[in-house]
Amino acid sequence: ARTKANRAVDMRAELSGQVVLLPVKRGSQVAAGETICGLEPQDRYAANASAEAALARAELEYTGALSLKQKGVQSELAIASSRANLEAAKAHQKKTEYRVKKLRMKAPFAGMIEDRPLEIGDYVQVGQICATILELDPMLIIAQVSAADITKLRLGQRAQFIYSGGIIDGALITYLASAADIITQTYGVEAQVDNSNGVLRSGIEGT
């Protein structure tokens, strides 16, 4: 058996641009929502402001068109055109707002920064890794058991993990494989254990 991070995520840039903010170092603990990497905004804030102004104008035009319709001086075609302009303005504003939001890459969960390959001044492309974050609490304990032993286990059952640092008694089984490994003919088992004290690291071997 061995320990494994509950989650491991490569945070990838959704925009291209120059790195201007790296507030956390490799090996640092981060909270959910904490900024990991920031990009040069370029003209994205201005584009969003322009889109918001265009949306406000489109909303006023559509409201005015509806008012004229009630007075009988506006055609259905004009109303439809005004509505289409409003929907297009909404879509464009959402797109520019999304780009502003993605200037800051934020941790999806609390964890540890395992790797951070970027430096201030680097230029990143869409899809390039900003950082790798591991969720180490709870910690997974993964193992392989024989066909005879898998029948003795149940979800929610307590499990024990013995390693060089001691014995972990508080693990609970969260997964039992339904199919055996083709090569070893054993079944995968996973258990979760509280690691709020940070004692366990991913990759510790034990039984």
# chains A, B, ... in the order shown; residues from 1 in each chain; ligands from 1
$ residues_around --residues "Lys102 in chain A" --least-positions-apart "6" --cutoff "12 Å" --atoms "only C-alpha atoms" --output "NGL selection string"
:A and (11-17 or 35-41 or 44-45 or 95-96 or 126)
$ residues_around --residues "Ala180 in chain A" --least-positions-apart "3" --cutoff "12 Å" --atoms "only C-alpha atoms" --output "ChimeraX atom specification"
/A:144-148,150,176-177,183-189
$ write_last_selection --atoms "all heavy atoms" --output "JSON list (two decimals), in the first residue's frame"
[["chain", "number", "residue", "atom", "x", "y", "z"],
["A", 144, "GLN", "N", -3.49, -2.99, -3.41],
["A", 144, "GLN", "CA", -3.98, -4.08, -4.25],
["A", 144, "GLN", "C", -4.18, -5.30, -3.34],
["A", 144, "GLN", "O", -3.30, -5.63, -2.54],
["A", 144, "GLN", "CB", -2.96, -4.42, -5.34],
["A", 144, "GLN", "CG", -2.69, -3.30, -6.33],
["A", 144, "GLN", "CD", -3.88, -2.96, -7.20],
["A", 144, "GLN", "OE1", -4.29, -1.81, -7.31],
["A", 144, "GLN", "NE2", -4.46, -3.98, -7.83],
["A", 145, "VAL", "N", -5.33, -5.94, -3.48],
["A", 145, "VAL", "CA", -5.61, -7.12, -2.66],
["A", 145, "VAL", "C", -6.03, -8.28, -3.55],
["A", 145, "VAL", "O", -6.47, -8.09, -4.68],
["A", 145, "VAL", "CB", -6.71, -6.84, -1.61],
["A", 145, "VAL", "CG1", -6.30, -5.70, -0.69],
["A", 145, "VAL", "CG2", -8.04, -6.52, -2.29],
["A", 146, "SER", "N", -5.91, -9.46, -3.02],
["A", 146, "SER", "CA", -6.25, -10.67, -3.77],
["A", 146, "SER", "C", -7.76, -10.83, -3.92],
["A", 146, "SER", "O", -8.55, -10.17, -3.22],
["A", 146, "SER", "CB", -5.68, -11.89, -3.07],
["A", 146, "SER", "OG", -6.35, -12.08, -1.83],
["A", 147, "ALA", "N", -8.15, -11.72, -4.81],
["A", 147, "ALA", "CA", -9.57, -12.00, -5.01],
["A", 147, "ALA", "C", -10.21, -12.52, -3.72],
["A", 147, "ALA", "O", -11.37, -12.22, -3.42],
["A", 147, "ALA", "CB", -9.74, -13.01, -6.14],
["A", 148, "ALA", "N", -9.45, -13.30, -2.95],
["A", 148, "ALA", "CA", -9.98, -13.84, -1.70],
["A", 148, "ALA", "C", -10.21, -12.73, -0.67],
["A", 148, "ALA", "O", -11.20, -12.74, 0.07],
["A", 148, "ALA", "CB", -9.02, -14.88, -1.14],
["A", 150, "ILE", "N", -10.66, -9.38, -1.32],
["A", 150, "ILE", "CA", -11.59, -8.32, -1.72],
["A", 150, "ILE", "C", -13.00, -8.63, -1.23],
["A", 150, "ILE", "O", -13.79, -7.73, -0.93],
["A", 150, "ILE", "CB", -11.57, -8.12, -3.25],
["A", 150, "ILE", "CG1", -12.27, -6.79, -3.63],
["A", 150, "ILE", "CG2", -12.22, -9.27, -3.98],
["A", 150, "ILE", "CD1", -11.51, -5.56, -3.29],
["A", 176, "LEU", "N", -13.71, 0.13, -3.90],
["A", 176, "LEU", "CA", -13.33, -1.26, -4.12],
["A", 176, "LEU", "C", -13.50, -1.56, -5.60],
["A", 176, "LEU", "O", -14.60, -1.39, -6.14],
["A", 176, "LEU", "CB", -14.21, -2.20, -3.29],
["A", 176, "LEU", "CG", -14.13, -2.08, -1.76],
["A", 176, "LEU", "CD1", -15.22, -2.92, -1.11],
["A", 176, "LEU", "CD2", -12.75, -2.51, -1.27],
["A", 177, "ALA", "N", -12.44, -1.96, -6.25],
["A", 177, "ALA", "CA", -12.50, -2.24, -7.69],
["A", 177, "ALA", "C", -13.42, -3.42, -7.97],
["A", 177, "ALA", "O", -13.50, -4.38, -7.20],
["A", 177, "ALA", "CB", -11.10, -2.53, -8.22],
["A", 183, "ILE", "N", -2.74, -7.84, -15.28],
["A", 183, "ILE", "CA", -1.40, -8.42, -15.08],
["A", 183, "ILE", "C", -1.28, -9.09, -13.72],
["A", 183, "ILE", "O", -0.87, -10.24, -13.61],
["A", 183, "ILE", "CB", -0.32, -7.33, -15.24],
["A", 183, "ILE", "CG1", -0.35, -6.77, -16.66],
["A", 183, "ILE", "CG2", 1.07, -7.90, -14.92],
["A", 183, "ILE", "CD1", 0.59, -5.62, -16.89],
["A", 184, "THR", "N", -1.65, -8.38, -12.64],
["A", 184, "THR", "CA", -1.44, -8.91, -11.29],
["A", 184, "THR", "C", -2.60, -9.76, -10.78],
["A", 184, "THR", "O", -2.45, -10.50, -9.80],
["A", 184, "THR", "CB", -1.21, -7.76, -10.30],
["A", 184, "THR", "OG1", -2.42, -6.98, -10.21],
["A", 184, "THR", "CG2", -0.07, -6.87, -10.73],
["A", 185, "GLN", "N", -3.76, -9.63, -11.43],
["A", 185, "GLN", "CA", -4.96, -10.34, -10.98],
["A", 185, "GLN", "C", -5.33, -9.99, -9.55],
["A", 185, "GLN", "O", -5.84, -10.81, -8.80],
["A", 185, "GLN", "CB", -4.78, -11.86, -11.14],
["A", 185, "GLN", "CG", -4.74, -12.33, -12.59],
["A", 185, "GLN", "CD", -6.03, -11.99, -13.33],
["A", 185, "GLN", "OE1", -7.10, -12.41, -12.95],
["A", 185, "GLN", "NE2", -5.90, -11.21, -14.40],
["A", 186, "THR", "N", -5.06, -8.73, -9.18],
["A", 186, "THR", "CA", -5.46, -8.23, -7.87],
["A", 186, "THR", "C", -6.44, -7.08, -8.06],
["A", 186, "THR", "O", -6.57, -6.53, -9.16],
["A", 186, "THR", "CB", -4.24, -7.73, -7.07],
["A", 186, "THR", "OG1", -3.55, -6.73, -7.84],
["A", 186, "THR", "CG2", -3.30, -8.88, -6.75],
["A", 187, "TYR", "N", -7.11, -6.71, -6.98],
["A", 187, "TYR", "CA", -8.14, -5.67, -7.02],
["A", 187, "TYR", "C", -7.67, -4.41, -6.30],
["A", 187, "TYR", "O", -7.08, -4.48, -5.23],
["A", 187, "TYR", "CB", -9.43, -6.18, -6.37],
["A", 187, "TYR", "CG", -10.11, -7.26, -7.16],
["A", 187, "TYR", "CD1", -9.68, -8.59, -7.06],
["A", 187, "TYR", "CD2", -11.17, -6.97, -8.01],
["A", 187, "TYR", "CE1", -10.30, -9.60, -7.78],
["A", 187, "TYR", "CE2", -11.80, -7.98, -8.74],
["A", 187, "TYR", "CZ", -11.35, -9.28, -8.63],
["A", 187, "TYR", "OH", -11.97, -10.27, -9.35],
["A", 188, "GLY", "N", -7.98, -3.26, -6.91],
["A", 188, "GLY", "CA", -7.61, -1.98, -6.31],
["A", 188, "GLY", "C", -8.52, -1.61, -5.15],
["A", 188, "GLY", "O", -9.74, -1.81, -5.22],
["A", 189, "VAL", "N", -7.93, -1.07, -4.10],
["A", 189, "VAL", "CA", -8.67, -0.61, -2.92],
["A", 189, "VAL", "C", -8.17, 0.79, -2.56],
["A", 189, "VAL", "O", -6.97, 1.06, -2.63],
["A", 189, "VAL", "CB", -8.47, -1.55, -1.72],
["A", 189, "VAL", "CG1", -9.19, -1.01, -0.48],
["A", 189, "VAL", "CG2", -8.95, -2.95, -2.05]]
$ select_by_dssp --residues "range 63-169 of chain A" --states "helix (DSSP H, G or I)" --output "ChimeraX atom specification"
/A:63-70,76-101,147-150
$ closest_residue --among "A:Val100, A:Gly206, A:Ile173, A:Ala65" --to "Asp43 in chain A" --atoms "only C-alpha atoms"
A:Val100
$ residues_around --residues "Asp194 in chain A" --least-positions-apart "3" --cutoff "7 Å" --atoms "only C-alpha atoms" --output "count of residues only"
3
$ residues_around --residues "Glu34 in chain A" --least-positions-apart "2" --cutoff "7 Å" --atoms "only C-alpha atoms" --output "PyMOL selection string"
chain A and resi 30-32+36+106-107
$ atom_distance --atom1 "CA of Gln125 in chain A" --atom2 "CA of Arg26 in chain A"
20.7 Å
$ residues_around --residues "Ala58 in chain A" --least-positions-apart "6" --cutoff "12 Å" --atoms "only C-alpha atoms" --output "list of chain:residue names"
A:Ala51, A:Glu52, A:Gly64, A:Ala65, A:Ile79, A:Ser81, A:Ser82, A:Arg83, A:Ala84, A:Asn85, A:Leu86, A:Glu87, A:Ala88, A:Ala89, A:Lys90, A:Ala91, A:His92, A:Gln93
$ closest_residue --among "A:Leu103, A:Ser67, A:Glu97, A:Gly121" --to "Gln42 in chain A" --atoms "only C-alpha atoms"
A:Leu103
$ closest_residue --among "A:Val19, A:Leu136, A:Val9, A:Ala1" --to "Leu118 in chain A" --atoms "only C-alpha atoms"
A:Val19
$ residues_around --residues "Gly166 in chain A" --least-positions-apart "6" --cutoff "12 Å" --atoms "only C-alpha atoms" --output "PyMOL selection string"
chain A and resi 160+199-200+204-207
$ write_last_selection --atoms "all heavy atoms" --output "PDB file, in the first residue's frame"
ATOM      1  N   GLN A 160      -6.329  -0.080   8.282  1.00  0.00           N
ATOM      2  CA  GLN A 160      -5.113   0.269   9.001  1.00  0.00           C
ATOM      3  C   GLN A 160      -3.959   0.359   8.017  1.00  0.00           C
ATOM      4  O   GLN A 160      -3.832  -0.458   7.110  1.00  0.00           O
ATOM      5  CB  GLN A 160      -4.809  -0.801  10.057  1.00  0.00           C
ATOM      6  CG  GLN A 160      -3.642  -0.452  10.976  1.00  0.00           C
ATOM      7  CD  GLN A 160      -3.401  -1.542  12.011  1.00  0.00           C
ATOM      8  OE1 GLN A 160      -2.869  -2.604  11.668  1.00  0.00           O
ATOM      9  NE2 GLN A 160      -3.806  -1.299  13.249  1.00  0.00           N
ATOM     10  N   VAL A 199       1.038  15.337   8.452  1.00  0.00           N
ATOM     11  CA  VAL A 199       2.082  14.363   8.721  1.00  0.00           C
ATOM     12  C   VAL A 199       2.390  13.491   7.488  1.00  0.00           C
ATOM     13  O   VAL A 199       3.542  13.212   7.183  1.00  0.00           O
ATOM     14  CB  VAL A 199       1.690  13.467   9.909  1.00  0.00           C
ATOM     15  CG1 VAL A 199       2.657  12.287  10.051  1.00  0.00           C
ATOM     16  CG2 VAL A 199       1.655  14.277  11.185  1.00  0.00           C
ATOM     17  N   LEU A 200       1.346  13.094   6.787  1.00  0.00           N
ATOM     18  CA  LEU A 200       1.529  12.192   5.634  1.00  0.00           C
ATOM     19  C   LEU A 200       1.853  12.968   4.360  1.00  0.00           C
ATOM     20  O   LEU A 200       1.286  14.023   4.089  1.00  0.00           O
ATOM     21  CB  LEU A 200       0.274  11.353   5.423  1.00  0.00           C
ATOM     22  CG  LEU A 200      -0.096  10.357   6.519  1.00  0.00           C
ATOM     23  CD1 LEU A 200      -1.411   9.697   6.208  1.00  0.00           C
ATOM     24  CD2 LEU A 200       1.017   9.309   6.678  1.00  0.00           C
ATOM     25  N   ILE A 204       4.207   7.603   0.276  1.00  0.00           N
ATOM     26  CA  ILE A 204       4.790   6.830   1.378  1.00  0.00           C
ATOM     27  C   ILE A 204       4.375   5.370   1.244  1.00  0.00           C
ATOM     28  O   ILE A 204       3.188   5.053   1.096  1.00  0.00           O
ATOM     29  CB  ILE A 204       4.321   7.384   2.744  1.00  0.00           C
ATOM     30  CG1 ILE A 204       4.864   8.811   2.954  1.00  0.00           C
ATOM     31  CG2 ILE A 204       4.779   6.477   3.875  1.00  0.00           C
ATOM     32  CD1 ILE A 204       4.351   9.464   4.216  1.00  0.00           C
ATOM     33  N   GLU A 205       5.345   4.484   1.276  1.00  0.00           N
ATOM     34  CA  GLU A 205       5.064   3.059   1.172  1.00  0.00           C
ATOM     35  C   GLU A 205       4.758   2.455   2.544  1.00  0.00           C
ATOM     36  O   GLU A 205       5.286   2.883   3.567  1.00  0.00           O
ATOM     37  CB  GLU A 205       6.285   2.328   0.594  1.00  0.00           C
ATOM     38  CG  GLU A 205       6.684   2.783  -0.814  1.00  0.00           C
ATOM     39  CD  GLU A 205       5.749   2.270  -1.874  1.00  0.00           C
ATOM     40  OE1 GLU A 205       4.995   1.327  -1.591  1.00  0.00           O
ATOM     41  OE2 GLU A 205       5.749   2.821  -3.008  1.00  0.00           O
ATOM     42  N   GLY A 206       3.855   1.482   2.552  1.00  0.00           N
ATOM     43  CA  GLY A 206       3.501   0.805   3.795  1.00  0.00           C
ATOM     44  C   GLY A 206       2.701  -0.445   3.502  1.00  0.00           C
ATOM     45  O   GLY A 206       2.671  -0.936   2.384  1.00  0.00           O
ATOM     46  N   THR A 207       2.010  -0.921   4.487  1.00  0.00           N
ATOM     47  CA  THR A 207       1.171  -2.116   4.338  1.00  0.00           C
ATOM     48  C   THR A 207      -0.180  -1.894   4.991  1.00  0.00           C
ATOM     49  O   THR A 207      -0.334  -1.023   5.840  1.00  0.00           O
ATOM     50  CB  THR A 207       1.842  -3.342   4.981  1.00  0.00           C
ATOM     51  OG1 THR A 207       2.097  -3.076   6.373  1.00  0.00           O
ATOM     52  CG2 THR A 207       3.137  -3.683   4.294  1.00  0.00           C
TER      53      THR A 207
END
$ atom_distance --atom1 "CA of Arg116 in chain A" --atom2 "CA of Lys25 in chain A"
7.2 Å
$ select_by_dssp --residues "range 52-198 of chain A" --states "strand (DSSP E or B)" --output "NGL selection string"
:A and (104-106 or 111-115 or 123-124 or 129-145 or 158-163 or 166-176 or 187-193)
$ atom_distance --atom1 "CA of Val20 in chain A" --atom2 "CA of Met105 in chain A"
11.9 Å
$ closest_residue --among "A:Glu135, A:Asp10, A:Ala191, A:Glu114" --to "Leu153 in chain A" --atoms "only C-alpha atoms"
A:Ala191
